[in-house]
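Student: Got a file for you: protein.txt, compact mmCIF, C-alpha atoms.
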# COMPACT_ATOMS: atom_id res chain seq x y z
CA MET A 1 150.60 224.30 101.42
CA ILE A 2 149.74 223.60 97.79
CA ASP A 3 152.03 225.29 95.28
CA SER A 4 149.12 227.05 93.59
CA HIS A 5 150.85 230.13 92.17
CA ARG A 6 152.48 228.14 89.32
CA ILE A 7 150.00 226.08 87.33
CA GLY A 8 152.58 223.48 86.31
CA ALA A 9 152.80 222.42 89.97
CA PHE A 10 149.24 223.30 91.01
CA ILE A 11 147.46 220.89 88.65
CA PRO A 12 149.46 217.66 89.18
CA GLN A 13 149.87 218.39 92.90
CA THR A 14 146.15 218.71 93.55
CA PHE A 15 145.35 215.72 91.36
CA HIS A 16 147.92 213.68 93.26
CA LEU A 17 146.34 214.74 96.55
CA VAL A 18 142.84 213.86 95.33
CA ASN A 19 144.11 210.36 94.57
CA ASN A 20 145.88 209.91 97.90
CA TYR A 21 143.82 211.84 100.42
CA SER A 22 141.23 209.92 102.40
CA LYS A 23 138.98 211.45 105.03
CA SER A 24 139.45 210.21 108.58
CA ALA A 25 136.99 210.57 111.44
CA ARG A 26 139.85 211.16 113.89
CA THR A 27 142.03 213.51 111.83
CA LEU A 28 141.38 216.97 110.43
CA VAL A 29 143.34 217.52 107.20
CA ILE A 30 143.43 220.90 105.47
CA PHE A 31 145.39 222.21 102.51
CA GLY A 32 146.19 225.86 101.86
CA THR A 33 146.70 227.89 98.68
CA TYR A 34 148.08 231.30 97.80
CA LYS A 35 148.14 233.39 94.60
CA VAL A 36 145.95 230.86 92.81
CA SER A 37 147.02 230.60 89.16
CA ASN A 38 143.76 229.12 87.87
CA GLN A 39 140.49 229.63 89.74
CA TYR A 40 138.66 227.04 87.65
CA TRP A 41 141.12 224.34 88.67
CA LEU A 42 140.72 225.36 92.30
CA LYS A 43 136.94 225.07 91.93
CA ILE A 44 136.90 221.55 90.50
CA SER A 45 139.56 220.44 93.00
CA GLN A 46 137.32 221.60 95.83
CA GLN A 47 134.35 219.85 94.21
CA SER A 48 136.34 216.62 94.45
CA LYS A 49 136.02 216.97 98.26
CA LEU A 50 139.68 217.84 98.73
CA PRO A 51 139.73 220.15 101.80
CA ILE A 52 141.44 223.15 100.20
CA TYR A 53 141.33 226.48 101.97
CA GLY A 54 142.94 229.85 101.39
CA TRP A 55 146.13 231.73 102.16
CA TRP A 56 145.48 231.83 105.91
CA VAL A 57 146.56 228.19 106.23
CA LYS A 58 150.18 229.32 105.89
CA TYR A 59 149.91 230.78 109.40
CA LEU A 60 149.00 227.34 110.75
CA PHE A 61 152.18 226.00 109.16
CA PHE A 62 154.17 228.83 110.71
CA TRP A 63 152.89 228.41 114.27
CA ASN A 64 153.00 224.63 114.03
CA LYS A 65 156.80 224.84 113.92
CA PHE A 66 156.80 225.95 117.55
CA LEU A 67 154.83 222.92 118.81
CA PRO A 68 156.54 219.88 120.34
CA SER A 69 156.88 217.08 117.76
CA SER A 70 155.55 219.49 115.14
CA GLU A 71 156.52 217.19 112.25
CA LYS A 72 153.77 214.72 113.18
CA PHE A 73 151.15 217.31 112.27
CA ILE A 74 152.43 217.65 108.67
CA ALA A 75 151.09 214.93 106.37
CA ASP A 76 153.45 213.59 103.69
CA TYR A 77 151.62 212.56 100.53
CA GLY A 78 154.78 211.88 98.54
CA SER A 79 155.92 213.32 95.23
CA TYR A 80 153.22 214.51 92.87
CA ASN A 81 155.24 212.89 90.05
CA ASN A 82 153.46 209.73 91.19
CA VAL A 83 150.31 211.12 89.59
CA PHE A 84 151.70 209.50 86.43
CA ASP A 85 151.89 206.08 88.10
CA LYS A 86 148.78 204.43 86.67
CA ALA A 87 148.95 201.65 89.26
CA LYS A 88 148.42 204.21 92.03
CA THR A 89 146.04 206.58 90.28
CA LYS A 90 142.40 205.88 91.07
CA LEU A 91 140.81 208.69 89.07
CA ASP A 92 140.45 209.21 85.34
CA PHE A 93 141.50 212.80 84.76
CA THR A 94 139.42 213.13 81.58
CA LYS A 95 136.22 212.23 83.44
CA PHE A 96 137.26 214.65 86.15
CA ILE A 97 136.94 217.54 83.66
CA ASP A 98 134.07 216.13 81.58
CA ALA A 99 131.86 216.03 84.65
CA ASP A 100 131.58 219.82 84.33
CA PHE A 101 128.92 220.06 81.62
CA ASP A 102 128.89 223.88 81.68
CA THR A 103 132.56 224.07 80.78
CA LYS A 104 132.15 221.49 78.00
CA THR A 105 129.33 223.60 76.55
CA LEU A 106 131.42 226.76 76.93
CA GLY A 107 134.44 225.19 75.20
CA GLU A 108 132.54 223.79 72.25
CA SER A 109 130.53 227.00 71.78
CA TRP A 110 133.73 229.04 71.90
CA LEU A 111 135.37 226.92 69.21
CA LYS A 112 132.25 226.99 67.03
CA SER A 113 132.23 230.80 67.21
CA TYR A 114 135.47 230.69 65.18
CA GLY A 115 134.04 228.27 62.61
CA TRP A 116 135.12 224.96 64.14
CA THR A 117 132.86 221.98 63.45
CA HIS A 118 132.31 219.30 66.08
CA GLY A 119 134.78 216.47 65.57
CA GLU A 120 137.45 218.49 63.77
CA PRO A 121 140.90 217.86 65.31
CA PHE A 122 142.76 220.68 66.98
CA VAL A 123 146.22 221.18 68.44
CA CYS A 124 147.35 223.45 71.28
CA LEU A 125 150.64 225.27 70.77
CA MET A 126 152.42 226.69 73.83
CA VAL A 127 155.67 228.59 73.27
CA ARG A 128 157.20 230.11 76.37
CA ASP A 129 158.36 233.68 76.73
CA SER A 130 159.08 235.82 79.80
CA ASN A 131 155.90 237.89 79.77
CA TYR A 132 153.66 235.71 81.97
CA LEU A 133 155.92 235.70 85.03
CA ASN A 134 156.77 239.39 84.68
CA THR A 135 153.05 240.24 84.41
CA PHE A 136 151.45 237.99 87.03
CA LEU A 137 154.37 237.40 89.39
CA PRO A 138 156.43 240.59 89.00
CA PRO A 139 159.93 240.42 90.47
CA LYS A 140 160.62 242.16 93.76
CA GLY A 141 163.85 243.94 94.64
CA ILE A 142 166.91 242.35 93.06
CA LYS A 143 165.03 239.12 92.30
CA ASN A 144 164.04 238.63 88.66
CA TRP A 145 163.01 235.85 86.33
CA ASN A 146 165.96 236.15 83.94
CA TYR A 147 167.34 232.79 85.05
CA ASN A 148 164.44 231.24 83.13
CA ASN A 149 165.26 232.94 79.82
CA TYR A 150 167.04 229.85 78.45
CA ARG A 151 163.56 228.32 78.08
CA ASP A 152 162.17 231.10 75.86
CA SER A 153 161.56 230.71 72.13
CA ASP A 154 160.29 232.90 69.31
CA VAL A 155 156.75 231.80 68.49
CA ASN A 156 157.11 233.07 64.92
CA THR A 157 159.67 230.37 64.18
CA TYR A 158 156.75 227.93 64.45
CA ILE A 159 154.74 229.47 61.58
CA SER A 160 155.82 226.91 58.96
CA ALA A 161 154.77 224.10 61.31
CA ILE A 162 151.44 225.82 62.04
CA SER A 163 150.71 226.21 58.34
CA TRP A 164 151.64 222.59 57.64
CA LEU A 165 149.42 221.26 60.44
CA ILE A 166 146.49 223.26 59.05
CA ASP A 167 147.17 221.68 55.64
CA GLN A 168 146.86 218.29 57.37
CA GLY A 169 143.35 219.20 58.58
CA TYR A 170 144.12 220.47 62.10
CA TRP A 171 143.04 223.65 63.82
CA VAL A 172 145.93 225.23 65.72
CA ILE A 173 145.34 227.25 68.90
CA ARG A 174 148.29 229.25 70.22
CA MET A 175 147.87 229.15 74.01
CA GLY A 176 149.06 231.45 76.78
CA LYS A 177 147.44 233.87 79.20
CA ALA A 178 149.82 236.79 78.61
CA MET A 179 152.39 236.47 75.84
CA LYS A 180 154.87 239.01 74.52
CA ASN A 181 154.30 238.81 70.76
CA ARG A 182 151.47 237.96 68.40
CA VAL A 183 151.97 235.26 65.79
CA ASN A 184 152.49 236.90 62.39
CA PHE A 185 150.14 234.48 60.70
CA GLN A 186 146.47 234.49 59.80
CA HIS A 187 144.22 231.62 58.78
CA ASP A 188 140.62 230.66 59.42
CA LYS A 189 141.85 227.61 61.34
CA PHE A 190 144.38 229.45 63.49
CA ILE A 191 143.45 231.15 66.78
CA ASP A 192 145.93 233.26 68.73
CA TYR A 193 144.21 232.68 72.07
CA SER A 194 146.86 234.76 73.87
CA PHE A 195 145.50 237.97 72.35
CA ILE A 196 141.73 237.52 72.54
CA ASN A 197 139.49 239.26 75.04
CA ASN A 198 137.33 236.32 76.12
CA GLN A 199 139.92 234.11 77.79
CA THR A 200 138.74 232.25 80.89
CA ASP A 201 140.44 229.95 83.38
CA ALA A 202 137.95 227.24 82.40
CA LEU A 203 138.86 227.54 78.71
CA ASP A 204 142.57 227.35 79.58
CA ILE A 205 142.01 223.92 81.11
CA TRP A 206 139.36 222.61 78.71
CA LEU A 207 141.29 223.36 75.52
CA PHE A 208 144.42 221.57 76.75
CA SER A 209 142.28 218.64 77.93
CA LYS A 210 140.56 218.19 74.56
CA ALA A 211 143.44 218.85 72.15
CA ASN A 212 144.36 215.85 70.03
CA PHE A 213 147.91 216.67 71.06
CA THR A 214 149.91 219.63 72.32
CA ILE A 215 153.14 221.14 71.03
CA SER A 216 155.03 222.88 73.79
CA THR A 217 158.41 224.20 74.84
CA GLY A 218 157.66 222.87 78.34
CA VAL A 219 155.33 225.31 80.11
CA GLY A 220 153.05 224.80 83.14
CA PRO A 221 149.52 224.38 81.71
CA ASP A 222 150.58 221.86 79.06
CA ILE A 223 150.52 219.27 81.88
CA VAL A 224 146.74 218.98 81.36
CA THR A 225 147.17 217.22 78.01
CA PRO A 226 149.08 214.14 79.25
CA LEU A 227 146.89 213.90 82.34
CA CYS A 228 144.05 213.46 79.85
CA SER A 229 146.02 210.67 78.12
CA ASN A 230 146.88 212.68 75.01
CA PRO A 231 150.48 213.11 73.81
CA ILE A 232 152.82 216.09 73.73
CA LEU A 233 155.60 217.11 71.40
CA TYR A 234 158.14 219.03 73.48
CA ILE A 235 160.31 221.07 71.13
CA ASN A 236 163.08 223.55 71.94
CA ALA A 237 162.87 222.08 75.45
CA ILE A 238 165.81 222.04 77.83
CA PRO A 239 167.29 220.82 80.11
CA ILE A 240 167.06 217.30 78.78
CA ASN A 241 167.18 215.76 82.26
CA GLN A 242 163.59 217.07 82.59
CA ALA A 243 162.49 215.11 79.51
CA ALA A 244 158.92 213.91 79.97
CA SER A 245 159.42 210.22 80.59
CA PHE A 246 156.16 209.73 82.54
CA PHE A 247 153.69 209.88 79.64
CA LYS A 248 153.26 209.54 75.89
CA SER A 249 155.51 212.22 74.43
CA ILE A 250 158.39 213.11 72.15
CA TRP A 251 161.15 215.44 73.36
CA VAL A 252 163.37 217.58 71.13
CA PRO A 253 165.89 219.84 72.89
CA LYS A 254 167.42 223.10 71.73
CA LYS A 255 170.88 222.84 70.23
CA LEU A 256 173.73 223.27 72.68
CA LYS A 257 177.29 224.03 71.62
CA TRP A 258 180.56 224.98 73.23
CA ASP A 259 181.91 228.46 72.61
CA ASN A 260 184.33 227.02 70.04
CA GLY A 261 181.37 225.77 67.98
CA LYS A 262 181.70 222.09 68.89
CA PRO A 263 178.22 220.51 69.30
CA PHE A 264 177.27 218.84 72.56
CA ALA A 265 177.53 215.08 72.83
CA ILE A 266 174.49 213.29 74.26
CA ASN A 267 176.41 212.78 77.52
CA ASP A 268 177.00 216.53 77.65
CA TYR A 269 173.24 217.18 77.35
CA LEU A 270 172.63 214.83 80.28
CA ASN A 271 175.57 215.86 82.44
CA LEU A 272 175.20 219.63 82.00
CA SER A 273 171.46 219.95 82.48
CA TYR A 274 171.17 223.41 84.00
CA SER A 275 167.99 225.20 85.03
CA ASP A 276 169.55 228.66 85.12
CA SER A 277 170.58 230.82 82.14
CA SER A 278 173.63 232.14 83.97
CA LYS A 279 175.08 228.65 84.37
CA TYR A 280 175.08 228.10 80.62
CA ALA A 281 176.89 231.41 80.15
CA PHE A 282 179.36 230.69 82.97
CA ASN A 283 180.25 227.32 81.42
CA ASN A 284 180.71 228.81 77.91
CA ILE A 285 177.69 227.01 76.50
CA LYS A 286 175.75 228.51 73.60
CA ILE A 287 172.00 227.89 73.43
CA ILE A 288 170.67 227.83 69.87
CA ASP A 289 166.96 227.60 69.06
CA LEU A 290 165.84 225.25 66.34
CA SER A 291 165.25 226.92 62.98
CA PRO A 292 161.76 227.09 61.38
CA ILE A 293 162.77 224.31 58.97
CA GLU A 294 164.00 222.13 61.84
CA ILE A 295 160.82 222.75 63.86
CA LEU A 296 158.70 221.79 60.86
CA SER A 297 160.75 218.63 60.35
CA PHE A 298 160.29 217.52 63.98
CA VAL A 299 156.55 218.30 63.86
CA GLN A 300 156.28 216.17 60.73
CA GLU A 301 158.14 213.35 62.46
CA PHE A 302 155.84 213.62 65.47
CA LEU A 303 152.65 213.48 63.38
CA SER A 304 153.95 210.43 61.50
CA ILE A 305 154.60 208.64 64.82
CA TYR A 306 151.29 209.90 66.24
CA ASN A 307 149.37 208.53 63.23
CA ASN A 308 151.16 205.19 63.68
CA ASP A 309 150.04 204.92 67.33
CA PHE A 310 153.56 205.71 68.57
CA LYS A 311 155.06 202.56 67.04
CA LEU A 312 158.75 202.76 66.16
CA SER A 313 160.98 200.50 64.07
CA GLU A 314 163.16 197.90 65.78
CA ILE A 315 166.28 200.02 65.15
CA GLU A 316 164.62 203.11 66.59
CA LEU A 317 163.44 201.18 69.66
CA LYS A 318 166.99 199.93 70.29
CA GLU A 319 168.28 203.50 70.14
CA GLN A 320 165.54 204.60 72.53
CA PHE A 321 166.47 201.82 74.93
CA SER A 322 170.13 202.86 74.86
CA PHE A 323 169.27 206.50 75.46
CA TRP A 324 166.96 205.86 78.41
CA GLN A 325 169.48 203.49 79.99
CA LEU A 326 171.98 206.33 79.83
CA PHE A 327 169.34 208.82 81.04
CA TYR A 328 168.52 206.79 84.16
CA SER A 329 172.18 206.10 84.90
CA TYR A 330 172.30 209.65 86.24
CA GLU A 331 171.32 209.57 89.91
CA LYS A 332 169.01 212.60 89.72
CA ASN A 333 166.90 210.81 87.09
CA SER A 334 167.04 207.24 88.39
CA LYS A 335 164.47 207.66 91.18
CA TYR A 336 161.70 207.99 88.57
CA SER A 337 162.74 205.09 86.33
CA HIS A 338 159.78 203.02 87.52
CA LEU A 339 157.47 205.61 85.96
CA LYS A 340 158.95 205.40 82.45
CA HIS A 341 156.09 205.33 79.94
CA PRO A 342 156.68 202.84 77.09
CA LYS A 343 155.78 205.53 74.56
CA ALA A 344 157.84 208.38 75.97
CA PHE A 345 160.53 209.01 73.38
CA ILE A 346 163.41 211.28 72.60
CA SER A 347 162.95 212.26 68.96
CA PRO A 348 164.33 209.40 66.80
CA LYS A 349 165.46 211.99 64.25
CA TRP A 350 167.30 213.92 66.97
CA LEU A 351 169.03 210.76 68.20
CA GLU A 352 170.06 209.92 64.66
CA ASN A 353 171.43 213.43 64.07
CA ASN A 354 173.42 213.32 67.34
CA ARG A 355 174.62 209.75 67.16
CA ASP A 356 178.18 210.72 66.22
CA TYR A 357 178.70 213.32 68.95
Taking this structure as input, can you express it in the form of structure tokens?
Tutor:
Amino acid sequence: MIDSHRIGAFIPQTFHLVNNYSKSARTLVIFGTYKVSNQYWLKISQQSKLPIYGWWVKYLFFWNKFLPSSEKFIADYGSYNNVFDKAKTKLDFTKFIDADFDTKTLGESWLKSYGWTHGEPFVCLMVRDSNYLNTFLPPKGIKNWNYNNYRDSDVNTYISAISWLIDQGYWVIRMGKAMKNRVNFQHDKFIDYSFINNQTDALDIWLFSKANFTISTGVGPDIVTPLCSNPILYINAIPINQAASFFKSIWVPKKLKWDNGKPFAINDYLNLSYSDSSKYAFNNIKIIDLSPIEILSFVQEFLSIYNNDFKLSEIELKEQFSFWQLFYSYEKNSKYSHLKHPKAFISPKWLENNRDY
């Protein structure tokens, strides 16, 4: 079964399968989906000749368990993280989307309706809150999504960065299908896509695919941008062991401190990389979002590196090398070391600020 209910898994998983699936005259291969998070992505995946069917396939998986040697009927296509392994990826993801002329026309017409002129640069901004999961995948019984709250941020702390990017000539599009709060900011070159009435699944994909770069806290649909070979600034993003090492990116985590106020050392960030809010609380760890001034500073750093084609100084490169050596020394990270992108960085400014801890 394809994990289609969460777009952050659905997109790279299907793209990985498209690259690794080959039709055989002697074997029938089918993939199933359920609670599809983006119908447009399902459509273009099916157009790629990937044999994707609906929810009923889960019953085949269920009954297959009762067959002798049932494991031989389940194909293993490996980890979809390998979608970032250029040596094994046969398809150009950008061409994959551009082949749909109707969506290209839709996207450009939509932007022009707000005053955008062809060729003007634009940025997608994706700041996570809890509203999407509670709206589209409401919790059942005692289960809830609160364990994910450590990933949330206040979108209004990004206003200074939005304003500065507009001053640099960029349009900024705040993304998200269902967000909790509007951005308290208005400008002709700012679009709060989360609160407009003409959202479409196709636009969700197309905008991320065409953005010059994306700024994100680490949320599912932002995966489209790197698959289209454009960079991401991850900011207020934890845990750091999930830092995007597979593609061109810069990662800036939230601040973590002990209850006594002592800041985390870099080893602490790597060793105590939890994916559950309760574990931070249990271990007396305070999670502190970056301030508006800090966010602006890291966005300015990112744009400077972006405009310099992701070239760092010799000192900065040495610090990056030391960090990633430490990063991959942890067993849970080491299995993906062969996929390290040469221009995947931890923020040089963040490393400098945390050098003494």
Student: Using only C-alpha atoms - which residues lie no farther than 12 Å from the point (142.0, 225.0, 92.5) in the file's frame? Write them as a PDB file with C-alpha atoms, in the frame of the given file.
Tutor:
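Result written to selection.pdb:
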ATOM      1  CA  ILE A   2     149.740 223.600  97.790  1.00  0.00           C
ATOM      2  CA  ASP A   3     152.030 225.290  95.280  1.00  0.00           C
ATOM      3  CA  SER A   4     149.120 227.050  93.590  1.00  0.00           C
ATOM      4  CA  HIS A   5     150.850 230.130  92.170  1.00  0.00           C
ATOM      5  CA  ARG A   6     152.480 228.140  89.320  1.00  0.00           C
ATOM      6  CA  ILE A   7     150.000 226.080  87.330  1.00  0.00           C
ATOM      7  CA  ALA A   9     152.800 222.420  89.970  1.00  0.00           C
ATOM      8  CA  PHE A  10     149.240 223.300  91.010  1.00  0.00           C
ATOM      9  CA  ILE A  11     147.460 220.890  88.650  1.00  0.00           C
ATOM     10  CA  PRO A  12     149.460 217.660  89.180  1.00  0.00           C
ATOM     11  CA  GLN A  13     149.870 218.390  92.900  1.00  0.00           C
ATOM     12  CA  THR A  14     146.150 218.710  93.550  1.00  0.00           C
ATOM     13  CA  PHE A  15     145.350 215.720  91.360  1.00  0.00           C
ATOM     14  CA  LEU A  17     146.340 214.740  96.550  1.00  0.00           C
ATOM     15  CA  VAL A  18     142.840 213.860  95.330  1.00  0.00           C
ATOM     16  CA  PHE A  31     145.390 222.210 102.510  1.00  0.00           C
ATOM     17  CA  GLY A  32     146.190 225.860 101.860  1.00  0.00           C
ATOM     18  CA  THR A  33     146.700 227.890  98.680  1.00  0.00           C
ATOM     19  CA  TYR A  34     148.080 231.300  97.800  1.00  0.00           C
ATOM     20  CA  LYS A  35     148.140 233.390  94.600  1.00  0.00           C
ATOM     21  CA  VAL A  36     145.950 230.860  92.810  1.00  0.00           C
ATOM     22  CA  SER A  37     147.020 230.600  89.160  1.00  0.00           C
ATOM     23  CA  ASN A  38     143.760 229.120  87.870  1.00  0.00           C
ATOM     24  CA  GLN A  39     140.490 229.630  89.740  1.00  0.00           C
ATOM     25  CA  TYR A  40     138.660 227.040  87.650  1.00  0.00           C
ATOM     26  CA  TRP A  41     141.120 224.340  88.670  1.00  0.00           C
ATOM     27  CA  LEU A  42     140.720 225.360  92.300  1.00  0.00           C
ATOM     28  CA  LYS A  43     136.940 225.070  91.930  1.00  0.00           C
ATOM     29  CA  ILE A  44     136.900 221.550  90.500  1.00  0.00           C
ATOM     30  CA  SER A  45     139.560 220.440  93.000  1.00  0.00           C
ATOM     31  CA  GLN A  46     137.320 221.600  95.830  1.00  0.00           C
ATOM     32  CA  GLN A  47     134.350 219.850  94.210  1.00  0.00           C
ATOM     33  CA  SER A  48     136.340 216.620  94.450  1.00  0.00           C
ATOM     34  CA  LYS A  49     136.020 216.970  98.260  1.00  0.00           C
ATOM     35  CA  LEU A  50     139.680 217.840  98.730  1.00  0.00           C
ATOM     36  CA  PRO A  51     139.730 220.150 101.800  1.00  0.00           C
ATOM     37  CA  ILE A  52     141.440 223.150 100.200  1.00  0.00           C
ATOM     38  CA  TYR A  53     141.330 226.480 101.970  1.00  0.00           C
ATOM     39  CA  GLY A  54     142.940 229.850 101.390  1.00  0.00           C
ATOM     40  CA  ASP A 201     140.440 229.950  83.380  1.00  0.00           C
ATOM     41  CA  ALA A 202     137.950 227.240  82.400  1.00  0.00           C
ATOM     42  CA  ILE A 205     142.010 223.920  81.110  1.00  0.00           C
TER      43      ILE A 205
END
Student: Which of these, A:Val183, A:Leu256, A:Ile162, A:Ala178, has the shortest distance to Tyr132 of chain A once you count only C-alpha atoms?
Tutor: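 Between A:Val183, A:Leu256, A:Ile162, A:Ala178, the residue approaching Tyr132 of chain A most closely is A:Ala178.
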Student: Here is a test: counting all atoms listed in the file, which residue of A:Tyr336, A:Phe62, A:Phe298, A:Phe247 is nearest to Trp164 of chain A?
Tutor: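 Closest candidate: A:Phe298.
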Student: Which one is closest to Gly107 of chain A: A:Leu351, A:Ile191, A:Val172, A:Leu203? Count all atoms listed in the file.
Tutor: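 Residue with the minimum atom-to-atom distance to Gly107 of chain A: A:Leu203.
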Student: At what distance in Å, to one decimal, does atom CA of Pro253 of chain A lie from atom CA of Asn284 of chain A?
Tutor: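 Here the two named atoms are 18.0 Å from each other.
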Student: Might you pull out every residue within 9 Å of Ser160 of chain A, with all atoms listed in the file counted and same-chain residues fewer than 5 positions away left off, and present them as a list in words?
Tutor: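 Neighbouring residues, sequence-local ones excluded: Leu165, Pro292, Ile293, Ile295 and Leu296 of chain A.
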Student: Let me make sure I understand: among A:Ile223, A:Ile250, A:Leu272, A:Leu233, which one has the smallest atom-to-atom distance to Phe345 of chain A if we use only C-alpha atoms?
Tutor: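 Ranked by minimum distance to Phe345 of chain A, first place goes to A:Ile250.
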Student: Which one of A:Phe310, A:Phe185, A:Phe264, A:Trp116 sits closest to Lys286 of chain A if you count only C-alpha atoms?
Tutor: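 Ranked by minimum distance to Lys286 of chain A, first place goes to A:Phe264.
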